[in-house]
Amino acid sequence: MVVGEEILVDIKPHWMYLIGPLVTSVVVIGVAVGFEIAFPHTPVGWHRVEAITAFVPCAWLVIRFIRWRMAGLVVTSFRIVERHGVFWPSTSEIWLSSIEAVDTVQSVFRRMVGTGELEVTIYGEDDLQVFGDVRKPAILQRIIARRLTPPPGY
């Protein structure tokens, strides 16, 4: 940390990050249980196929959950820091003094559940830095915008 730097926001990705593997796991397990009830006397080979089929989305959910727990977005008084990675954790940072604009992108559904994307434009770069599945991106946008310095000659 830089001397005099204070943490303004420290958040994890929104729970919507987990929705794809969660729904898939529930559906696959429901179908597997349905097959067990509908066809109670199936060969052992079919039980193994069902187990493997049910295991794959559950493993995806566990991996996604671990990634969700290890990820984070921190806004300080001087920079934005994104943490991610499980086995090889890494961080990326953007100094607030190098940010030109901050925008939010939300669909109607994502606005209702309180998530969206935060798009950061950096001076002199053509690409946007996109932070996905951000909790309450409009509020985070306002927090960052208040800390931005006006461009030279403004």
# chains A, B, ... in the order shown; residues from 1 in each chain; ligands from 1
>>> residues_around(residues="Gln106 of chain A", least_positions_apart="5", cutoff="12 Å", atoms="only C-alpha atoms", output="list of chain:residue names")
A:Arg111, A:Met112, A:Val113, A:Gly114, A:Thr115, A:Gly116, A:Glu117, A:Leu118, A:Glu119, A:Gly132, A:Asp133, A:Val134, A:Arg135, A:Lys136, A:Pro137, A:Ala138
>>> residues_around(residues="Glu93 of chain A", least_positions_apart="4", cutoff="10 Å", atoms="only C-alpha atoms", output="ChimeraX atom specification")
/A:73-75,79-83
>>> write_last_selection(atoms="N, CA and C atoms", output="JSON list (two decimals), in the first residue's frame")
[["chain", "number", "residue", "atom", "x", "y", "z"],
["A", 73, "LEU", "N", -12.32, -7.33, -5.73],
["A", 73, "LEU", "CA", -12.06, -6.02, -6.35],
["A", 73, "LEU", "C", -11.95, -5.02, -5.20],
["A", 74, "VAL", "N", -10.82, -4.33, -5.16],
["A", 74, "VAL", "CA", -10.57, -3.36, -4.10],
["A", 74, "VAL", "C", -10.38, -1.99, -4.74],
["A", 75, "VAL", "N", -11.11, -1.01, -4.25],
["A", 75, "VAL", "CA", -10.94, 0.37, -4.68],
["A", 75, "VAL", "C", -10.35, 1.12, -3.50],
["A", 79, "ARG", "N", -6.04, 3.72, -6.31],
["A", 79, "ARG", "CA", -6.03, 2.72, -7.37],
["A", 79, "ARG", "C", -7.17, 1.73, -7.25],
["A", 80, "ILE", "N", -7.36, 0.95, -8.34],
["A", 80, "ILE", "CA", -8.29, -0.17, -8.36],
["A", 80, "ILE", "C", -7.44, -1.43, -8.46],
["A", 81, "VAL", "N", -7.67, -2.38, -7.57],
["A", 81, "VAL", "CA", -6.89, -3.61, -7.56],
["A", 81, "VAL", "C", -7.85, -4.78, -7.72],
["A", 82, "GLU", "N", -7.56, -5.64, -8.70],
["A", 82, "GLU", "CA", -8.35, -6.85, -8.92],
["A", 82, "GLU", "C", -7.50, -8.06, -8.54],
["A", 83, "ARG", "N", -8.05, -8.90, -7.66],
["A", 83, "ARG", "CA", -7.36, -10.13, -7.25],
["A", 83, "ARG", "C", -8.10, -11.32, -7.86]]
>>> closest_residue(among="A:Ala51, A:Ile66, A:Ile11, A:Cys58", to="Glu36 of chain A", atoms="only C-alpha atoms")
A:Ala51
>>> select_by_dssp(residues="segment 59-101 of chain A", states="alpha helix (DSSP H)", output="ChimeraX atom specification")
/A:59-70
>>> closest_residue(among="A:Ile122, A:Leu148, A:Ala71, A:Val2", to="Ser90 of chain A", atoms="only C-alpha atoms")
A:Ala71
>>> atom_distance(atom1="atom CA of Leu18 of chain A", atom2="atom CA of Ile139 of chain A")
22.0 Å
>>> residues_around(residues="Val86 of chain A", least_positions_apart="6", cutoff="12 Å", atoms="only C-alpha atoms", output="ChimeraX atom specification")
/A:63-72
>>> residues_around(residues="Glu50 of chain A", least_positions_apart="4", cutoff="10 Å", atoms="only C-alpha atoms", output="tab-separated table (two decimals) with N, CA and C atoms, in the first residue's frame")
chain	number	residue	atom	x	y	z
A	28	VAL	N	-28.98	-31.47	-13.68
A	28	VAL	CA	-28.39	-32.78	-13.96
A	28	VAL	C	-28.66	-33.76	-12.82
A	29	ILE	N	-28.55	-33.30	-11.59
A	29	ILE	CA	-28.84	-34.19	-10.45
A	29	ILE	C	-30.32	-34.55	-10.45
A	31	VAL	N	-32.31	-34.80	-13.06
A	31	VAL	CA	-32.52	-35.78	-14.14
A	31	VAL	C	-31.98	-37.14	-13.72
A	32	ALA	N	-30.83	-37.19	-13.07
A	32	ALA	CA	-30.26	-38.46	-12.61
A	32	ALA	C	-31.17	-39.14	-11.60
A	33	VAL	N	-31.69	-38.38	-10.66
A	33	VAL	CA	-32.62	-38.95	-9.67
A	33	VAL	C	-33.90	-39.41	-10.36
A	35	PHE	N	-34.18	-40.53	-13.41
A	35	PHE	CA	-33.89	-41.81	-14.08
A	35	PHE	C	-33.84	-42.96	-13.08
A	36	GLU	N	-33.28	-42.70	-11.91
A	36	GLU	CA	-33.21	-43.75	-10.88
A	36	GLU	C	-34.61	-44.18	-10.43
A	44	VAL	N	-25.29	-51.88	-13.72
A	44	VAL	CA	-24.30	-51.10	-12.97
A	44	VAL	C	-23.59	-50.10	-13.89
A	45	GLY	N	-23.37	-50.46	-15.13
A	45	GLY	CA	-22.71	-49.55	-16.07
A	45	GLY	C	-23.46	-48.25	-16.24
A	46	TRP	N	-24.80	-48.32	-16.26
A	46	TRP	CA	-25.60	-47.09	-16.37
A	46	TRP	C	-25.49	-46.23	-15.12
A	54	ALA	N	-23.29	-36.69	-13.41
A	54	ALA	CA	-23.66	-35.79	-12.31
A	54	ALA	C	-22.42	-35.16	-11.67
A	55	PHE	N	-21.29	-35.86	-11.73
A	55	PHE	CA	-20.07	-35.36	-11.10
A	55	PHE	C	-19.52	-34.13	-11.83
>>> closest_residue(among="A:Ala59, A:Val102, A:Ile94, A:Val108", to="Leu22 of chain A", atoms="only C-alpha atoms")
A:Ala59
>>> closest_residue(among="A:Phe78, A:Tyr123, A:Ala101, A:Leu128", to="Gln141 of chain A", atoms="only C-alpha atoms")
A:Ala101
